[in-house]
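Just below is one structure, and these are the notes that go with it.
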Amino acid sequence: RRVRGVMSDESEAREFPVVCEDCLGPNPYVRVQKMPLGGECAISGRPFTVFRWRPGNEARYKKTVVCKEIAQAKNVCQVCLLDLDYGIPVAARDAALGRAGGSALPSSSVNRDFAVNEIAKKLDEGEDAYEKDGKEKNNELLMRLARKKPYYNKNKTPICTFWLRNACTRNDCPYRPCNGDTHMPELSAAPELRKQNIKDRYFGTNDPVAEQMLKRAKERPSQKLTPPEDASITTLFVGGVDPEKVTEDDINSRFYQYGEIKGIRVIGTKKCAFITFATREGAEKAAEDAAINLEINGERCRLQWGKSAAKKASGNQGSAPAPPPTVMMMAPGVEAPANGQALPPDMPAHVAIPMPAPAAVGHATKYPSMDPSQMGAVSKKQEAEK
């Protein structure tokens with residue numbers, strides 16, 4: 001049986017919602033209500049299976065608002081219509097990738113059902129309805145916009161409209177701020193951010209939230225690494241390395257694709273590592289590809305260029321080393337001047353002889369006076385040998 005182009009009841013019963021982690025909530029055990037053909041898709045107008053659940057004790061009930069085919073065509077959540085991979089609006093994602101705004105579905109119900117059925121056929125054949133672009137991997141703007149951690153605050157209960165008009169008379173109001181949650185930053189936000197259309201958010205047109213995100217992201221400084229002028233530098237510095245979770249093998253498996261690696265040094269006390277490539281070309285490829293979003297064995301790290309040997313030497317040497325002490329050998333019959341006095345110009349010739357270098361390790365001294373550890377004294381062992 002088909003209803004306006006919808007698949008049969010058996011396929012509807014096998015459906016599972018396409019939902020992001022934010023909308024599911026922090027609890028891994030969520031009790032979900034399933035209502036077959038219980039609603040109409042907000043984009044295509046087709047009946048679809050509606051799922052409803054509560055993501056937390058202090059959260060409001062959430063439900064799917066678009067059908068599965070419509071959500072997978074744009075790779076968005078069926079509830080919040082945000083991108084499943086980056087957690088940002090469609091308009092912000094398409095702007096970062098240089099795509100034009102998506103076109104709306106056909107206005108005719110017959111043509112609209114045909115377009116959605118074509119998407120369903122691709123999904124049944126194992127194809128992806130949303131084609132990912134290769135630009136997503138190294139896109140700096142997209143990495144700035146992407147949400148790194150789940151944001152569960154959007155699941156909170158809505159604001160009491162009676163409280164906004166100062167007319168709430170209920171003793172136990174479940175809405176904010178009557179329920180005790182007085183921290184509501186959305187009230188201080190721009191009024192245009194509160195007026196969002198579901199279709200505009202889905203197709204990426206006239207989305208005020210996406211415009212504000214793009215404006216903030218463009219004002220941030222660039223994260224790309226500029227190669228140093230010294231071409232001999234082939235070492236990269238990796239910060240934020242947890243020695244208990246990230247090993248040398250993990251670092252090698254992440255960076256071997258860029259070129260031959262001469263050596264990897266992990267400093268556990270400072271939680272960092274140094275990667276030395278055999279060629280400068282390999283180091284530049286690694287810096288260009290991994291500087292924006294570096295993740296090793298599930299741990300987020302930061303990448304920087306290493307310093308040259310000349311800079312390290314100049315930084316470590318605070319002052320020039322003192323010259324070795326010398327011994328003044330005076331001519332026969334000439335007395336040495338007192339401390340602090342200069343030699344007269346008519347004094348006979350003298351020779352400055354440097355102190356002898358210390359004996360090499362393992363070199364046996366011939367006389368007790370040549371042993372620097374004894375300072376000229378005779379040890380008990382040497383006395384016994386005599």
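Chain labels run A, B, ... following the order of the structure tokens; each chain numbers its residues from 1, and ligands are numbered from 1 in the order shown.
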Next on the checklist: For the alpha helix (DSSP H) assignment from backbone DSSP, which residues of range 47-284 of chain A qualify? Please present them as an NGL selection string.
Outcome noted: :A and (68-74 or 90-97 or 109-124 or 140-145 or 161-164 or 185-188 or 198-203 or 208-219 or 248-255 or 280-284)
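Look at range 240-253 of chain A: the protein and nucleic acid residues within 10 Å of it, using only C-alpha atoms and passing over chain neighbours fewer than 6 places away, are Glu260, Ile261, Gly263, Ile264, Arg265, Val266, Ile267, Gly268, Thr269, Lys270, Lys271, Cys272, Ala273, Phe274, Ile275, Glu295, Ile296, Asn297, Gly298, Glu299, Arg300, Cys301, Arg302 and Leu303 of chain A.
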Item to check | For CA of Ala146 in chain A and CA of Gly87 in chain A, the interatomic separation in Å (one decimal) | outcome: 6.2 Å
Next on the checklist: So that I can check the surroundings of Leu123 in chain A, please list as a ChimeraX atom specification every protein, DNA and RNA residue that reaches within 12 Å of it, counting only C-alpha atoms and ignoring chain neighbours fewer than 3 positions away.
Outcome noted: /A:68-73,116-120,126-130
Please give the complete set of residues from range 28-96 of chain A that DSSP, run on the backbone, assigns to strand (DSSP E or B), formatted as a tab-separated table (two decimals) with N, CA and C atoms, in the first residue's frame.
```tsv
chain	number	residue	atom	x	y	z
A	32	VAL	N	12.20	5.94	23.02
A	32	VAL	CA	11.69	6.64	21.85
A	32	VAL	C	10.29	6.13	21.52
A	33	GLN	N	9.40	7.05	21.25
A	33	GLN	CA	8.05	6.71	20.78
A	33	GLN	C	8.04	6.74	19.26
A	34	LYS	N	7.47	5.71	18.66
A	34	LYS	CA	7.42	5.60	17.22
A	34	LYS	C	5.97	5.64	16.75
A	35	MET	N	5.70	6.56	15.82
A	35	MET	CA	4.34	6.73	15.29
A	35	MET	C	4.38	6.59	13.78
A	36	PRO	N	4.08	5.40	13.24
A	36	PRO	CA	4.11	5.21	11.78
A	36	PRO	C	3.13	6.14	11.08
A	37	LEU	N	3.65	6.82	10.05
A	37	LEU	CA	2.86	7.79	9.28
A	37	LEU	C	2.13	8.76	10.21
A	38	GLY	N	2.85	9.20	11.23
A	38	GLY	CA	2.23	10.06	12.24
A	38	GLY	C	2.39	11.54	12.00
A	39	GLY	N	3.00	11.94	10.88
A	39	GLY	CA	3.16	13.37	10.61
A	39	GLY	C	3.45	13.63	9.15
A	40	GLU	N	3.48	14.90	8.82
A	40	GLU	CA	3.74	15.34	7.46
A	40	GLU	C	5.07	16.04	7.41
A	47	PRO	N	3.64	12.09	4.15
A	47	PRO	CA	3.53	11.43	5.47
A	47	PRO	C	4.76	10.57	5.74
A	48	PHE	N	5.21	10.55	6.98
A	48	PHE	CA	6.40	9.77	7.33
A	48	PHE	C	6.28	9.32	8.78
A	49	THR	N	7.15	8.40	9.15
A	49	THR	CA	7.17	7.89	10.52
A	49	THR	C	7.81	8.92	11.44
A	50	VAL	N	7.08	9.29	12.49
A	50	VAL	CA	7.53	10.31	13.43
A	50	VAL	C	8.09	9.62	14.68
A	51	PHE	N	9.24	10.08	15.13
A	51	PHE	CA	9.87	9.60	16.37
A	51	PHE	C	9.88	10.75	17.38
A	52	ARG	N	9.55	10.40	18.61
A	52	ARG	CA	9.47	11.41	19.67
A	52	ARG	C	10.15	10.87	20.93
A	53	TRP	N	10.94	11.71	21.60
A	53	TRP	CA	11.66	11.31	22.81
A	53	TRP	C	12.01	12.54	23.62
A	59	ALA	N	15.03	18.55	29.83
A	59	ALA	CA	14.89	18.91	28.42
A	59	ALA	C	13.44	18.76	27.98
A	62	LYS	N	11.37	16.15	22.00
A	62	LYS	CA	11.77	16.48	20.64
A	62	LYS	C	11.21	15.42	19.70
A	63	LYS	N	10.97	15.81	18.47
A	63	LYS	CA	10.46	14.87	17.47
A	63	LYS	C	11.00	15.24	16.10
A	76	VAL	N	21.53	16.19	6.93
A	76	VAL	CA	21.17	16.98	8.10
A	76	VAL	C	20.35	16.13	9.06
A	83	ASP	N	23.87	20.18	10.02
A	83	ASP	CA	24.72	19.19	9.39
A	83	ASP	C	25.14	18.13	10.40
```
Next on the checklist: Residues near range 13-23 of chain A, anyone? I mean within 7 Å using only C-alpha atoms, not counting same-chain ones fewer than 2 positions away, as a ChimeraX atom specification.
Outcome noted: /A:9-11,25,36,55,68,77-79,84,150-152,155
Item to check | Point-to-point distance in Å for CA of Lys132 in chain A and CA of Cys41 in chain A | outcome: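 That distance, rounded to one decimal, is 24.3 Å.
Within 9 Å of Pro89 in chain A, once only C-alpha atoms are used and residues closer than 2 positions along the same chain are dropped, the contacting residues are Val76, Leu81, Leu82, Asp83, Tyr86, Gly87, Ala91, Ala92, Arg93, Asp94, Arg201, Tyr202, Gly204, Asp207, Val209 and Ala210 of chain A.
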Item to check | Within 12 Å of Asn166 in chain A using only C-alpha atoms, minus same-chain residues under 5 positions, as an MDAnalysis selection string | outcome: chainID A and resid 160:161 177:178
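Shortest atom-to-atom contact with Lys307 in chain A among A:Ala287, A:Gln257, A:Pro228, A:Val238: A:Pro228, counting only C-alpha atoms.
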Checklist entry - Near Gly259 in chain A, within 9 Å and counting only C-alpha atoms, which residues show up once chain neighbours fewer than 4 positions away are dropped, as a list in words? => result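 My reading of the contact set: Phe255, Phe277, Ala278, Thr279, Glu281, Gly282, Ala283, Lys285 and Ala286 of chain A.
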Requested write-out: all heavy atoms of the selected residues, as a PDB file, in the first residue's frame:
```
ATOM      1  N   PHE A 255      51.249  10.299  10.007  1.00  0.00           N
ATOM      2  CA  PHE A 255      52.050  11.196   9.179  1.00  0.00           C
ATOM      3  C   PHE A 255      52.876  10.478   8.112  1.00  0.00           C
ATOM      4  O   PHE A 255      53.525  11.160   7.321  1.00  0.00           O
ATOM      5  CB  PHE A 255      53.006  12.007  10.069  1.00  0.00           C
ATOM      6  CG  PHE A 255      52.337  13.097  10.847  1.00  0.00           C
ATOM      7  CD1 PHE A 255      51.854  12.865  12.124  1.00  0.00           C
ATOM      8  CD2 PHE A 255      52.187  14.362  10.305  1.00  0.00           C
ATOM      9  CE1 PHE A 255      51.231  13.876  12.848  1.00  0.00           C
ATOM     10  CE2 PHE A 255      51.568  15.378  11.018  1.00  0.00           C
ATOM     11  CZ  PHE A 255      51.088  15.131  12.283  1.00  0.00           C
ATOM     12  N   PHE A 277      61.113  14.816   9.061  1.00  0.00           N
ATOM     13  CA  PHE A 277      60.934  14.199   7.750  1.00  0.00           C
ATOM     14  C   PHE A 277      62.267  14.162   7.013  1.00  0.00           C
ATOM     15  O   PHE A 277      63.177  14.954   7.282  1.00  0.00           O
ATOM     16  CB  PHE A 277      59.903  14.988   6.931  1.00  0.00           C
ATOM     17  CG  PHE A 277      58.483  14.779   7.376  1.00  0.00           C
ATOM     18  CD1 PHE A 277      57.948  15.541   8.405  1.00  0.00           C
ATOM     19  CD2 PHE A 277      57.681  13.819   6.786  1.00  0.00           C
ATOM     20  CE1 PHE A 277      56.650  15.349   8.827  1.00  0.00           C
ATOM     21  CE2 PHE A 277      56.380  13.618   7.195  1.00  0.00           C
ATOM     22  CZ  PHE A 277      55.859  14.389   8.221  1.00  0.00           C
ATOM     23  N   ALA A 278      62.350  13.264   6.057  1.00  0.00           N
ATOM     24  CA  ALA A 278      63.574  13.141   5.273  1.00  0.00           C
ATOM     25  C   ALA A 278      63.715  14.277   4.274  1.00  0.00           C
ATOM     26  O   ALA A 278      64.827  14.675   3.933  1.00  0.00           O
ATOM     27  CB  ALA A 278      63.594  11.792   4.550  1.00  0.00           C
ATOM     28  N   THR A 279      62.590  14.827   3.801  1.00  0.00           N
ATOM     29  CA  THR A 279      62.618  15.908   2.821  1.00  0.00           C
ATOM     30  C   THR A 279      61.767  17.068   3.306  1.00  0.00           C
ATOM     31  O   THR A 279      60.846  16.901   4.111  1.00  0.00           O
ATOM     32  CB  THR A 279      62.094  15.423   1.458  1.00  0.00           C
ATOM     33  OG1 THR A 279      60.737  14.958   1.604  1.00  0.00           O
ATOM     34  CG2 THR A 279      62.961  14.298   0.923  1.00  0.00           C
ATOM     35  N   GLU A 281      59.799  18.725   1.337  1.00  0.00           N
ATOM     36  CA  GLU A 281      58.498  18.609   0.668  1.00  0.00           C
ATOM     37  C   GLU A 281      57.507  17.819   1.518  1.00  0.00           C
ATOM     38  O   GLU A 281      56.335  18.187   1.630  1.00  0.00           O
ATOM     39  CB  GLU A 281      58.686  17.938  -0.690  1.00  0.00           C
ATOM     40  CG  GLU A 281      57.408  17.824  -1.498  1.00  0.00           C
ATOM     41  CD  GLU A 281      57.629  17.128  -2.826  1.00  0.00           C
ATOM     42  OE1 GLU A 281      58.794  16.748  -3.118  1.00  0.00           O
ATOM     43  OE2 GLU A 281      56.651  16.960  -3.575  1.00  0.00           O
ATOM     44  N   GLY A 282      57.972  16.741   2.148  1.00  0.00           N
ATOM     45  CA  GLY A 282      57.082  15.963   3.002  1.00  0.00           C
ATOM     46  C   GLY A 282      56.622  16.738   4.215  1.00  0.00           C
ATOM     47  O   GLY A 282      55.462  16.644   4.630  1.00  0.00           O
ATOM     48  N   ALA A 283      57.516  17.536   4.807  1.00  0.00           N
ATOM     49  CA  ALA A 283      57.138  18.338   5.967  1.00  0.00           C
ATOM     50  C   ALA A 283      56.119  19.400   5.592  1.00  0.00           C
ATOM     51  O   ALA A 283      55.181  19.668   6.347  1.00  0.00           O
ATOM     52  CB  ALA A 283      58.387  18.975   6.572  1.00  0.00           C
ATOM     53  N   LYS A 285      53.908  19.244   3.123  1.00  0.00           N
ATOM     54  CA  LYS A 285      52.616  18.585   2.883  1.00  0.00           C
ATOM     55  C   LYS A 285      51.916  18.272   4.199  1.00  0.00           C
ATOM     56  O   LYS A 285      50.702  18.478   4.328  1.00  0.00           O
ATOM     57  CB  LYS A 285      52.835  17.287   2.084  1.00  0.00           C
ATOM     58  CG  LYS A 285      53.170  17.492   0.628  1.00  0.00           C
ATOM     59  CD  LYS A 285      53.311  16.145  -0.069  1.00  0.00           C
ATOM     60  CE  LYS A 285      53.636  16.325  -1.536  1.00  0.00           C
ATOM     61  NZ  LYS A 285      53.789  15.008  -2.232  1.00  0.00           N
ATOM     62  N   ALA A 286      52.661  17.781   5.169  1.00  0.00           N
ATOM     63  CA  ALA A 286      52.058  17.474   6.469  1.00  0.00           C
ATOM     64  C   ALA A 286      51.561  18.737   7.156  1.00  0.00           C
ATOM     65  O   ALA A 286      50.485  18.745   7.763  1.00  0.00           O
ATOM     66  CB  ALA A 286      53.079  16.752   7.346  1.00  0.00           C
TER      67      ALA A 286
END
```
Give me, as CSV, each residue of range 109-166 of chain A that comes within 7 Å of range 216-220 of chain A, together with its shortest interatomic pair and the distance in Å at one decimal, counting only C-alpha atoms, with rows ordered by chain and rising residue number.
```
residue,atom,partner,partner_atom,distance
A:Leu141,CA,A:Ala217,CA,6.9
A:Arg144,CA,A:Ala217,CA,6.2
A:Leu145,CA,A:Ala217,CA,6.5
```
Item to check | Separation of CA of Arg176 in chain A from CA of Gln196 in chain A in Å | outcome: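 According to the coordinates, CA of Gln196 in chain A and CA of Arg176 in chain A are separated by 20.3 Å.
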